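Structure file protein-v6.cif (mmCIF, C-alpha atoms) is printed below.
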data_start
loop_
_atom_site.label_atom_id
_atom_site.label_comp_id
_atom_site.auth_asym_id
_atom_site.auth_seq_id
_atom_site.Cartn_x
_atom_site.Cartn_y
_atom_site.Cartn_z
CA MET A 20 -4.78 -1.98 -22.18
CA PRO A 21 -2.16 0.80 -22.18
CA VAL A 22 0.22 0.96 -19.25
CA THR A 23 1.82 4.22 -18.15
CA ASP A 24 4.77 4.92 -15.90
CA SER A 25 2.95 7.36 -13.63
CA PRO A 26 3.01 6.46 -9.91
CA ARG A 27 -0.66 7.46 -9.93
CA ASP A 28 -1.34 4.29 -11.97
CA ALA A 29 0.58 1.99 -9.62
CA VAL A 30 -2.46 0.24 -8.14
CA GLN A 31 -4.17 -0.02 -11.53
CA ARG A 32 -1.20 -1.89 -13.01
CA LEU A 33 -1.09 -4.25 -10.03
CA PHE A 34 -4.87 -4.66 -10.15
CA GLU A 35 -4.65 -5.81 -13.78
CA ARG A 36 -2.01 -8.40 -12.90
CA CYS A 37 -4.31 -9.99 -10.30
CA VAL A 38 -7.24 -10.55 -12.68
CA VAL A 39 -7.64 -13.84 -14.57
CA ARG A 40 -9.95 -15.27 -17.21
CA VAL A 41 -11.93 -18.35 -16.18
CA ALA A 42 -12.69 -20.94 -18.87
CA VAL A 43 -15.02 -23.93 -18.66
CA GLY A 44 -14.54 -26.72 -21.15
CA GLY A 45 -12.06 -24.51 -23.00
CA GLN A 46 -14.65 -21.74 -23.49
CA HIS A 47 -14.67 -18.33 -21.83
CA ALA A 48 -17.03 -18.42 -18.83
CA GLY A 49 -16.17 -15.48 -16.60
CA THR A 50 -13.58 -13.57 -14.61
CA GLY A 51 -11.68 -14.25 -11.40
CA PHE A 52 -8.88 -12.80 -9.28
CA PHE A 53 -6.15 -13.97 -6.91
CA VAL A 54 -7.09 -13.50 -3.23
CA ALA A 55 -4.35 -15.65 -1.65
CA PRO A 56 -1.44 -17.77 -2.91
CA GLY A 57 -2.85 -20.39 -5.28
CA LYS A 58 -6.45 -19.22 -4.65
CA VAL A 59 -8.74 -17.62 -7.24
CA LEU A 60 -12.15 -16.16 -6.42
CA THR A 61 -14.95 -16.16 -8.99
CA CYS A 62 -18.75 -16.57 -9.09
CA ALA A 63 -20.44 -19.89 -8.38
CA HIS A 64 -22.62 -19.62 -11.49
CA VAL A 65 -19.46 -19.31 -13.66
CA VAL A 66 -18.15 -22.78 -12.78
CA GLU A 67 -21.22 -24.61 -11.52
CA GLY A 68 -21.59 -28.16 -12.80
CA SER A 69 -18.22 -28.28 -14.55
CA SER A 70 -15.17 -30.42 -13.90
CA GLU A 71 -13.06 -28.85 -16.66
CA VAL A 72 -12.12 -25.44 -15.29
CA SER A 73 -8.98 -23.55 -16.25
CA VAL A 74 -7.55 -20.17 -15.37
CA HIS A 75 -5.77 -18.00 -17.94
CA TRP A 76 -3.31 -15.56 -16.33
CA GLU A 77 -0.87 -13.22 -18.06
CA GLY A 78 1.97 -14.47 -15.86
CA ALA A 79 1.63 -18.11 -16.91
CA ALA A 80 2.75 -19.46 -20.28
CA ALA A 81 -0.15 -21.92 -20.41
CA PRO A 82 -3.62 -22.17 -18.85
CA LEU A 83 -3.65 -23.29 -15.23
CA GLU A 84 -5.81 -26.28 -14.38
CA ALA A 85 -8.19 -25.26 -11.59
CA ILE A 86 -10.00 -27.28 -8.94
CA VAL A 87 -13.29 -25.92 -7.58
CA SER A 88 -12.64 -26.06 -3.83
CA ARG A 89 -15.97 -24.66 -2.62
CA MET A 90 -19.10 -22.95 -3.92
CA LEU A 91 -21.64 -20.83 -2.06
CA PRO A 92 -24.41 -21.78 -2.49
CA ALA A 93 -24.01 -25.28 -3.87
CA GLY A 94 -26.40 -24.45 -6.75
CA GLY A 95 -26.21 -21.03 -8.39
CA ALA A 96 -28.25 -21.17 -11.59
CA ALA A 97 -31.13 -18.91 -10.53
CA ALA A 98 -31.50 -15.40 -11.98
CA PRO A 99 -30.44 -13.21 -10.31
CA HIS A 100 -27.89 -15.79 -9.19
CA ARG A 101 -28.38 -17.07 -5.68
CA TYR A 102 -26.56 -15.15 -2.99
CA PRO A 103 -23.65 -14.99 -2.25
CA ASP A 104 -22.73 -16.58 -5.62
CA LEU A 105 -19.09 -17.31 -4.73
CA ALA A 106 -16.63 -19.99 -5.79
CA LEU A 107 -13.05 -20.59 -4.69
CA LEU A 108 -10.64 -22.19 -7.17
CA THR A 109 -7.26 -23.74 -6.36
CA VAL A 110 -4.53 -23.48 -9.00
CA PRO A 111 -0.95 -24.90 -9.13
CA CYS A 112 0.68 -21.49 -9.01
CA ARG A 113 1.83 -19.32 -6.11
CA ASP A 114 4.18 -16.85 -7.80
CA HIS A 115 1.56 -14.18 -8.42
CA PRO A 116 0.26 -10.97 -6.82
CA CYS A 117 -2.96 -10.91 -4.79
CA VAL A 118 -5.55 -8.16 -4.44
CA ARG A 119 -5.83 -6.46 -1.07
CA LEU A 120 -9.32 -6.77 0.39
CA ASP A 121 -11.37 -4.30 2.43
CA GLU A 122 -14.24 -5.55 4.57
CA ALA A 123 -15.63 -2.07 5.19
CA GLU A 124 -18.66 -1.04 3.15
CA PRO A 125 -17.98 1.66 0.54
CA SER A 126 -18.96 5.20 1.52
CA LEU A 127 -21.98 7.08 0.23
CA GLY A 128 -20.15 10.32 1.00
CA PRO A 129 -20.92 12.81 -0.24
CA PRO A 130 -19.35 12.24 -2.64
CA ALA A 131 -20.09 8.55 -3.01
CA ASP A 132 -17.08 6.31 -3.58
CA GLY A 133 -15.90 5.84 -7.14
CA LEU A 134 -15.31 2.20 -8.01
CA ARG A 135 -13.45 0.30 -10.74
CA ALA A 136 -13.99 -3.18 -12.05
CA LEU A 137 -11.88 -5.24 -14.47
CA GLY A 138 -13.41 -8.20 -16.24
CA PHE A 139 -13.09 -10.32 -19.35
CA THR A 140 -15.83 -10.04 -21.94
CA GLU A 141 -16.31 -11.01 -25.58
CA VAL A 142 -18.98 -8.35 -26.15
CA LEU A 143 -16.53 -5.63 -27.20
CA HIS A 144 -13.80 -7.79 -28.69
CA LEU A 145 -15.44 -9.46 -31.74
CA GLY A 146 -15.70 -12.92 -30.23
CA ARG A 147 -12.37 -12.81 -28.40
CA SER A 148 -12.31 -12.38 -24.64
CA GLY A 149 -10.56 -9.16 -23.64
CA LEU A 150 -9.86 -7.42 -20.35
CA THR A 151 -12.32 -4.54 -20.10
CA PRO A 152 -12.48 -1.75 -17.50
CA VAL A 153 -15.69 -0.44 -15.95
CA THR A 154 -15.93 2.68 -13.80
CA CYS A 155 -18.97 3.24 -11.63
CA VAL A 156 -20.24 4.88 -8.44
CA TYR A 157 -21.47 3.26 -5.24
CA GLU A 158 -25.23 3.61 -4.96
CA GLY A 159 -25.71 1.89 -1.63
CA PRO A 160 -26.46 -1.53 -0.10
CA TYR A 161 -29.09 -3.71 -1.74
CA GLN A 162 -30.71 -6.23 0.58
CA ASP A 163 -31.18 -9.50 -1.24
CA ALA A 164 -33.53 -12.04 0.32
CA ASP A 165 -30.46 -13.99 1.49
CA GLY A 166 -28.06 -11.17 2.30
CA PRO A 167 -26.62 -7.78 1.35
CA ARG A 168 -25.19 -6.85 -2.03
CA LEU A 169 -23.36 -3.71 -3.11
CA GLN A 170 -25.25 -1.79 -5.78
CA VAL A 171 -23.30 0.29 -8.28
CA LYS A 172 -24.40 2.56 -11.10
CA GLY A 173 -22.96 4.46 -14.04
CA GLY A 174 -20.99 1.66 -15.69
CA GLN A 175 -22.00 -1.15 -18.02
CA VAL A 176 -21.33 -4.56 -16.51
CA MET A 177 -21.37 -6.92 -19.50
CA ARG A 178 -21.68 -10.64 -20.09
CA GLY A 179 -18.52 -12.50 -19.09
CA MET A 180 -17.54 -10.04 -16.35
CA SER A 181 -19.10 -12.13 -13.57
CA GLY A 182 -16.38 -12.62 -10.97
CA ALA A 183 -14.65 -9.30 -11.63
CA PRO A 184 -13.10 -7.58 -8.58
CA LEU A 185 -14.52 -4.21 -7.53
CA LEU A 186 -11.86 -1.70 -6.46
CA SER A 187 -12.52 1.39 -4.33
CA GLU A 188 -10.89 4.61 -5.55
CA ARG A 189 -10.88 5.92 -1.97
CA THR A 190 -9.11 3.06 -0.14
CA TRP A 191 -7.56 1.41 -3.24
CA ARG A 192 -8.64 -1.99 -1.97
CA VAL A 193 -11.10 -4.51 -3.38
CA VAL A 194 -14.50 -4.18 -1.70
CA GLY A 195 -16.49 -6.85 -3.55
CA ILE A 196 -16.97 -9.17 -6.50
CA ILE A 197 -19.29 -8.41 -9.43
CA THR A 198 -21.98 -11.10 -9.60
CA THR A 199 -24.52 -9.77 -12.12
CA THR A 200 -25.45 -6.82 -14.28
CA ARG A 201 -28.57 -4.72 -13.82
CA ASP A 202 -28.98 -4.43 -17.60
CA ASN A 203 -26.96 -6.10 -20.35
CA THR A 204 -27.62 -3.25 -22.80
CA ASP A 205 -27.33 -0.13 -20.65
CA ASP A 206 -24.89 1.49 -18.21
CA ARG A 207 -27.08 0.89 -15.18
CA GLY A 208 -24.26 -0.84 -13.34
CA GLY A 209 -24.56 -4.07 -11.40
CA TRP A 210 -24.51 -5.86 -8.07
CA ALA A 211 -21.57 -7.18 -6.09
CA THR A 212 -21.11 -9.46 -3.09
CA PRO A 213 -19.17 -7.69 -0.30
CA VAL A 214 -15.82 -8.95 0.97
CA PHE A 215 -16.94 -10.14 4.40
CA ARG A 216 -18.81 -13.04 2.75
CA PHE A 217 -15.58 -14.30 1.14
CA TRP A 218 -14.36 -15.73 4.44
CA ASP A 219 -17.25 -18.23 4.50
CA LEU A 220 -15.69 -20.07 1.55
CA GLU A 221 -12.82 -21.68 3.40
CA PRO A 222 -11.50 -21.66 6.98
CA GLY A 223 -8.18 -19.88 6.98
CA LEU A 224 -8.72 -17.91 3.75
CA ARG A 225 -8.59 -14.62 5.62
CA ARG A 226 -5.40 -15.67 7.41
CA GLU A 227 -3.78 -16.67 4.09
CA HIS A 228 -4.74 -13.30 2.56
CA ASP A 229 -3.50 -11.30 5.56
CA THR A 230 -0.27 -13.30 5.85
CA PHE A 231 0.50 -12.73 2.18
CA HIS A 232 0.16 -8.94 2.50
CA ALA A 233 2.07 -8.85 5.79
CA GLN A 234 5.02 -10.45 4.01
CA ASP A 235 4.58 -8.79 0.61
CA ALA A 236 4.25 -5.00 0.75
CA THR A 237 3.82 -4.58 -3.03
CA TRP A 238 0.14 -3.58 -2.83
CA ARG A 239 0.69 -1.24 0.14
CA ARG A 240 3.57 0.48 -1.67
CA ALA A 241 1.48 0.85 -4.81
CA CYS A 242 -1.40 2.26 -2.75
CA LEU A 243 0.90 4.79 -1.09
CA ASP A 244 2.29 5.86 -4.47
CA GLN A 245 -1.28 6.18 -5.75
CA LEU A 246 -2.32 8.35 -2.83
CA LEU A 247 0.88 10.32 -2.20
CA GLY A 248 3.03 10.06 -5.32
CA ASP A 249 3.72 13.81 -5.23
CA ASP A 250 4.41 14.05 -1.49
CA LEU A 251 6.57 11.02 -0.73
CA GLY A 252 9.79 9.78 -2.30
CA ALA A 253 11.68 6.50 -2.22
CA ALA A 254 14.05 6.00 0.68
CA TRP A 255 16.86 4.96 -1.68
CA GLU A 256 17.43 4.74 -5.41
CA PRO A 257 19.85 3.00 -7.80
CA LEU A 258 22.92 5.03 -8.68
CA PRO A 259 22.19 6.88 -11.95
CA ALA A 260 24.48 6.10 -14.86
CA VAL A 261 25.07 9.78 -15.66
CA GLY A 262 26.03 12.72 -13.48
CA GLY A 263 29.04 14.22 -11.77
CA PRO A 264 31.19 12.51 -9.16
CA ALA A 265 29.28 14.29 -6.36
CA ARG A 266 26.39 11.86 -6.88
CA LEU A 267 28.57 9.17 -5.27
CA LEU A 268 28.19 10.98 -1.95
CA ARG A 269 24.39 11.18 -2.00
CA PRO A 270 22.98 9.09 0.91
CA GLU A 271 19.97 7.86 -1.10
CA TYR A 272 22.34 5.98 -3.45
CA ALA A 273 24.16 4.27 -0.54
CA VAL A 274 27.38 3.83 -2.53
CA VAL A 275 29.65 3.82 0.53
CA PRO A 276 29.05 0.84 2.87
CA PHE A 277 27.12 1.65 6.04
CA ARG A 278 29.37 1.78 9.10
CA GLY A 279 29.76 3.18 12.57
CA ARG A 280 26.10 3.50 13.54
CA ASP A 281 25.15 -0.09 14.33
CA ARG A 282 24.05 0.73 17.88
CA GLU A 283 21.85 3.61 16.74
CA LEU A 284 20.45 1.47 13.91
CA GLU A 285 19.50 -1.37 16.25
CA GLU A 286 17.93 1.10 18.66
CA ALA A 287 15.87 2.72 15.90
CA GLU A 288 14.74 -0.65 14.57
CA ARG A 289 13.59 -1.74 18.04
CA TRP A 290 11.63 1.51 18.34
CA CYS A 291 9.84 0.88 15.04
CA LEU A 292 8.99 -2.71 15.91
CA ASP A 293 7.70 -1.95 19.41
CA PRO A 294 3.88 -1.64 19.15
CA LYS A 295 3.74 0.35 22.40
CA ALA A 296 6.42 2.90 21.45
CA SER A 297 5.78 6.55 20.69
CA PRO A 298 5.12 7.06 16.97
CA LEU A 299 7.67 9.90 16.81
CA ARG A 300 11.46 10.12 17.22
CA LEU A 301 14.10 12.78 16.51
CA PHE A 302 17.70 12.33 15.35
CA VAL A 303 19.89 15.39 15.84
CA GLY A 304 23.35 15.78 14.31
CA LEU A 305 25.56 18.29 12.53
CA ALA A 306 25.75 18.40 8.74
CA GLY A 307 27.71 15.39 7.51
CA SER A 308 27.16 13.36 10.66
CA GLY A 309 25.28 10.66 8.75
CA LYS A 310 21.66 11.29 9.82
CA THR A 311 20.19 10.69 6.39
CA ARG A 312 22.42 7.68 5.69
CA LEU A 313 21.32 6.15 8.99
CA ALA A 314 17.67 6.76 8.09
CA VAL A 315 18.18 5.17 4.65
CA GLN A 316 19.74 2.09 6.25
CA LEU A 317 16.84 1.85 8.71
CA CYS A 318 14.40 1.96 5.80
CA ARG A 319 16.26 -0.81 4.02
CA ARG A 320 16.19 -3.01 7.12
CA LEU A 321 12.49 -2.43 7.69
CA GLU A 322 11.50 -3.03 4.06
CA GLU A 323 13.11 -6.46 4.36
CA ARG A 324 10.50 -7.06 7.06
CA GLY A 325 7.60 -6.01 4.82
CA TRP A 326 7.40 -2.35 5.89
CA VAL A 327 6.69 0.55 3.56
CA CYS A 328 9.24 3.36 4.02
CA ARG A 329 9.28 6.77 2.38
CA PHE A 330 10.94 10.21 2.67
CA LEU A 331 8.71 13.28 2.80
CA ARG A 332 9.24 15.48 -0.22
CA GLU A 333 9.76 19.22 -0.02
CA GLY A 334 6.46 21.09 -0.20
CA ALA A 335 4.33 18.15 0.95
CA ALA A 336 0.76 19.11 1.77
CA GLU A 337 -1.42 18.26 4.75
CA GLY A 338 -3.13 14.88 4.91
CA VAL A 339 -0.03 12.73 4.44
CA LEU A 340 -0.59 10.71 7.60
CA GLU A 341 -4.29 10.15 6.90
CA SER A 342 -3.39 8.78 3.48
CA MET A 343 -0.71 6.59 4.99
CA ALA A 344 -3.32 5.19 7.38
CA ILE A 345 -5.51 4.30 4.38
CA ALA A 346 -2.58 2.54 2.72
CA GLY A 347 -2.05 0.61 5.95
CA GLY A 348 0.92 -0.20 8.08
CA PRO A 349 3.48 -0.95 9.15
CA ALA A 350 5.07 2.15 7.64
CA LEU A 351 7.87 4.63 8.32
CA ILE A 352 8.05 8.19 7.04
CA VAL A 353 11.30 10.17 7.35
CA ILE A 354 11.14 13.97 7.53
CA ASP A 355 14.56 15.45 6.79
CA TYR A 356 15.39 19.08 7.65
CA ALA A 357 12.65 18.97 10.28
CA GLU A 358 13.79 22.27 11.78
CA THR A 359 13.10 24.10 8.50
CA ARG A 360 9.54 22.73 8.36
CA ALA A 361 8.65 23.81 11.88
CA ARG A 362 6.77 26.87 10.62
CA ARG A 363 4.52 27.27 7.62
CA GLY A 364 6.30 28.81 4.67
CA GLN A 365 9.73 27.63 5.71
CA GLY A 366 11.54 24.89 3.84
CA PRO A 367 14.84 24.21 2.12
CA VAL A 368 15.93 27.08 -0.08
CA GLY A 369 13.88 27.26 -3.29
CA ALA A 370 11.35 24.66 -2.11
CA ALA A 371 7.59 24.98 -2.07
CA SER A 372 6.43 25.91 1.43
CA GLY A 373 3.93 23.06 1.89
CA ALA A 374 2.42 22.23 5.25
CA SER A 375 4.12 23.13 8.50
CA LEU A 376 5.55 20.40 10.72
CA GLN A 377 2.73 20.92 13.19
CA GLU A 378 0.11 20.46 10.47
CA LEU A 379 1.85 17.33 9.26
CA LEU A 380 2.05 15.80 12.75
CA GLU A 381 -1.34 16.74 14.24
CA PRO A 382 -3.11 13.75 12.62
CA LEU A 383 -1.01 11.49 14.88
CA THR A 384 -3.46 12.43 17.63
CA ARG A 385 -6.41 11.07 15.62
CA LEU A 386 -4.93 7.81 14.38
CA GLY A 387 -5.89 4.73 16.34
CA THR A 388 -3.37 2.54 18.08
CA GLU A 389 -3.95 -0.13 15.41
CA THR A 390 -2.42 2.22 12.79
CA TRP A 391 1.25 1.22 12.83
CA ILE A 392 3.03 4.33 11.56
CA ARG A 393 6.38 5.68 12.72
CA ILE A 394 7.69 9.20 12.01
CA LEU A 395 11.46 9.84 12.12
CA LEU A 396 12.55 13.48 12.19
CA LEU A 397 16.09 14.49 11.18
CA ALA A 398 17.49 17.87 12.20
CA ARG A 399 20.81 19.62 12.76
CA SER A 400 19.67 20.95 16.12
CA GLU A 401 16.60 20.90 18.37
CA VAL A 402 17.28 24.38 19.75
CA ASP A 403 14.26 26.73 19.67
CA TRP A 404 12.13 25.02 17.04
CA TRP A 405 11.42 21.87 19.07
CA SER A 406 10.19 23.78 22.12
CA GLU A 407 8.27 26.19 19.88
CA LEU A 408 6.59 23.24 18.17
CA GLY A 409 5.47 22.02 21.58
CA ARG A 410 4.00 25.43 22.45
CA GLN A 411 2.05 25.64 19.18
CA ALA A 412 0.83 22.05 19.20
CA SER A 413 -2.46 20.79 20.56
CA ARG A 414 -2.50 19.23 24.01
CA GLU A 415 -2.67 15.75 22.48
CA LEU A 416 0.30 16.37 20.18
CA ARG A 417 2.31 17.88 23.06
CA ALA A 418 1.83 14.60 24.93
CA ILE A 419 3.27 12.68 21.96
CA LEU A 420 6.19 15.11 21.66
CA ALA A 421 6.94 14.70 25.36
CA GLN A 422 7.18 10.91 24.93
CA SER A 423 9.37 11.12 21.83
CA ALA A 424 13.04 10.26 22.25
CA ILE A 425 15.75 12.62 20.98
CA ARG A 426 18.98 10.93 19.86
CA HIS A 427 22.08 13.09 19.39
CA LEU A 428 24.54 11.77 16.84
CA GLY A 429 28.24 12.52 17.28
CA PRO A 430 31.02 11.78 14.78
CA VAL A 431 30.80 8.40 13.08
CA ASP A 432 34.48 7.61 13.80
CA GLU A 433 36.28 9.14 16.79
CA GLU A 434 39.57 7.28 16.37
CA PRO A 435 42.00 8.31 13.56
CA GLY A 436 42.60 4.65 12.74
CA ASN A 437 38.89 4.05 12.12
CA ARG A 438 38.75 7.12 9.90
CA LEU A 439 41.52 5.67 7.76
CA ILE A 440 39.53 2.44 7.40
CA ALA A 441 36.45 4.43 6.42
CA TYR A 442 38.48 6.37 3.87
CA ARG A 443 39.78 3.20 2.25
CA GLU A 444 36.30 1.64 2.17
CA ALA A 445 34.95 4.76 0.49
CA VAL A 446 37.70 4.82 -2.12
CA SER A 447 37.04 1.18 -2.94
CA ALA A 448 33.29 1.82 -3.24
CA PHE A 449 33.84 4.87 -5.45
#

Can you present the structure in this file as C-alpha cells?
Amino acid sequence: MPVTDSPRDAVQRLFERCVVRVAVGGQHAGTGFFVAPGKVLTCAHVVEGSSEVSVHWEGAAAPLEAIVSRMLPAGGAAAPHRYPDLALLTVPCRDHPCVRLDEAEPSLGPPADGLRALGFTEVLHLGRSGLTPVTCVYEGPYQDADGPRLQVKGGQVMRGMSGAPLLSERTWRVVGIITTTRDNTDDRGGWATPVFRFWDLEPGLRREHDTFHAQDATWRRACLDQLLGDDLGAAWEPLPAVGGPARLLRPEYAVVPFRGRDRELEEAERWCLDPKASPLRLFVGLAGSGKTRLAVQLCRRLEERGWVCRFLREGAAEGVLESMAIAGGPALIVIDYAETRARRGQGPVGAASGASLQELLEPLTRLGTETWIRILLLARSEVDWWSELGRQASRELRAILAQSAIRHLGPVDEEPGNRLIAYREAVSAF
C-alpha cells in the first residue's frame, strides 16, 4: 500500500502499523489489531478451537506466537457469528503502536460518518494474504438478538477481513471491529461490534489502553495533523542543513541553550498542569525578549509528559479548538503575534487574514471541563487590543479573559556579567 508524506495521511499510516494478520495452524485465518501493549483484538470465530495461533506484524521479523486469553462467547461458529464475536490474544511484544478507541456510536449526521477498515484477505491477492482497505458509510445500529452491532454500507467486506478495525473519519478513532460481511460478492458492507463491548474481554483492558495513550501521544499528534495540518505547525524543528546564518537565531530551532526564564517556565508549566486553571494565558514582552523561545521550551517540557503542543499558523481558520477537542487532550496551542490577530483581516505582513482572535477563542466557552486544552498568547503589548477583545467577546468569553493571567517579560539578563555568559554560550552553540 503506497505511503505518502502528507500530514493528512498521518493517522492512516499509523492505522496500518497497528493492524496484524492472524494465522491458525500456519494458515491465514483473519485480521487483528493492537489495542494495548501485548494485546491483539480479533474475532472469536477466527481463532475458535485452535491452539496454534500466530500473529504476523510488519514490525516483527518473525511471526509472534499468540495465546488466546479470552473469547466472547465461548463458541462462535454460528452464522452470523454469535455476538459479540470477540477474542483477545496475548503476544510477546510490547514495542508497537496501539489504535485509539472511541466508545461513542458513529453519527448518522447528516452526513453520516465515513468509515475505513483495513483487513487481510486472499481474495484480491491471488492466494496470498494482503492488507486491503475498505471505505464505507455508517448506516446505523443493527440490533442483534444478543446485542447491538454497527451496520455499514458501500464497501465490500471480504473473506479474511474478520477482525479488522473500523476507523471513523470524523473522530479518527476506532469505533468497532468488523465481524462479518453482508454479502461476499457485493459492496453491501458488513457488521461490526462496537467498542464498548471490548471491555468485557478482560478486567483492566480499558485501563491498559488509556494508560498507553496517556503516555504515548503518537496517535493524538497524528489525529491533530490529520484534522489541522494546514492550521497548526510544530513547536520546534531540527536545524535545516542549508540556509543563511540567520537561521541560527530562529527560536523554533532552539540552537542557543535556554536560559534566564526558569521561573517563568515553571510557572507556565504549573498553569498547564493545573486542571482547575483558566485555559488562557498571555505573555507580553518587547521584540527579542524571548517570548517565543520560552513558549518553545514549555512545549518541549510538556511533550515529555505526553502532551500535544502546536503553534497556530498564520491564516488559520475557525474551528481549530473544536478539532483539538476531537483529537483529545492534554494539549497546548501557542498563538504568536496575538495582538495582530485581534481583528479579522489583520495578521503578520503578507499573511492570509484567517479567523480573528475572538473567533478562534469563542469555542473555549463551549468546551467541557474534561477537555484539557491550554491556549498561550504571545504579544508585544496588551495595550488597546486586549481590552477591545473583551468588549467584543461574548459574556462567557469575557469571564475567561478576566480569569486569564498576564505575565510581563522583562530582559532575560539584567546584569552585564550574565549577558557576557549568555554571549559566550551563544557563540559556542553557533

*Please indicate the distance in Å from atom CA of Trp405 of chain A to atom CA of Glu381 of chain A, rounded to one decimal place.*
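Between these atoms lies a distance of 14.6 Å.
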
Evaluating the PyMOL selection byres ((chain A and resi 425-429) around 10) on the displayed file yields which residues, as a PDB file with C-alpha atoms, in the frame of the given file?
ATOM      1  CA  ARG A 280      26.100   3.500  13.540  1.00  0.00           C
ATOM      2  CA  GLU A 283      21.850   3.610  16.740  1.00  0.00           C
ATOM      3  CA  GLU A 286      17.930   1.100  18.660  1.00  0.00           C
ATOM      4  CA  ALA A 287      15.870   2.720  15.900  1.00  0.00           C
ATOM      5  CA  LEU A 299       7.670   9.900  16.810  1.00  0.00           C
ATOM      6  CA  ARG A 300      11.460  10.120  17.220  1.00  0.00           C
ATOM      7  CA  LEU A 301      14.100  12.780  16.510  1.00  0.00           C
ATOM      8  CA  PHE A 302      17.700  12.330  15.350  1.00  0.00           C
ATOM      9  CA  VAL A 303      19.890  15.390  15.840  1.00  0.00           C
ATOM     10  CA  GLY A 304      23.350  15.780  14.310  1.00  0.00           C
ATOM     11  CA  LEU A 305      25.560  18.290  12.530  1.00  0.00           C
ATOM     12  CA  SER A 308      27.160  13.360  10.660  1.00  0.00           C
ATOM     13  CA  GLY A 309      25.280  10.660   8.750  1.00  0.00           C
ATOM     14  CA  LYS A 310      21.660  11.290   9.820  1.00  0.00           C
ATOM     15  CA  LEU A 396      12.550  13.480  12.190  1.00  0.00           C
ATOM     16  CA  LEU A 397      16.090  14.490  11.180  1.00  0.00           C
ATOM     17  CA  ALA A 398      17.490  17.870  12.200  1.00  0.00           C
ATOM     18  CA  ARG A 399      20.810  19.620  12.760  1.00  0.00           C
ATOM     19  CA  SER A 400      19.670  20.950  16.120  1.00  0.00           C
ATOM     20  CA  GLU A 401      16.600  20.900  18.370  1.00  0.00           C
ATOM     21  CA  LEU A 420       6.190  15.110  21.660  1.00  0.00           C
ATOM     22  CA  GLN A 422       7.180  10.910  24.930  1.00  0.00           C
ATOM     23  CA  SER A 423       9.370  11.120  21.830  1.00  0.00           C
ATOM     24  CA  ALA A 424      13.040  10.260  22.250  1.00  0.00           C
ATOM     25  CA  PRO A 430      31.020  11.780  14.780  1.00  0.00           C
ATOM     26  CA  VAL A 431      30.800   8.400  13.080  1.00  0.00           C
ATOM     27  CA  ASP A 432      34.480   7.610  13.800  1.00  0.00           C
ATOM     28  CA  GLU A 433      36.280   9.140  16.790  1.00  0.00           C
TER      29      GLU A 433
END

*asked:* Given the PyMOL selection byres ((chain A and resi 36-42) around 6) and the file above, list the residues it selects as a PyMOL selection string.
replied: chain A and resi 33-35+43+45-53+72-76+116-117

*Output the residue selection produced by the PyMOL selection byres ((chain A and resi 172) around 9) on the file above, formatted as a VMD selection string.*
chain A and resid 154 to 158 170 to 171 173 to 175 201 206 to 210

*What separation in Å, quoted to one decimal, exists between atom CA of Leu134 of chain A and atom CA of Leu169 of chain A?*
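Separation of atom CA of Leu134 of chain A and atom CA of Leu169 of chain A: 11.1 Å.
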
_Contact residues around Glu378 of chain A with all atoms listed in the file at 9 Å, ignoring same-chain residues under 5 positions, as a PyMOL selection string_ = chain A and resi 336-338+363+412

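Taking atom CA of Arg312 of chain A and atom CA of Asp250 of chain A as endpoints, the distance between them is 20.4 Å.
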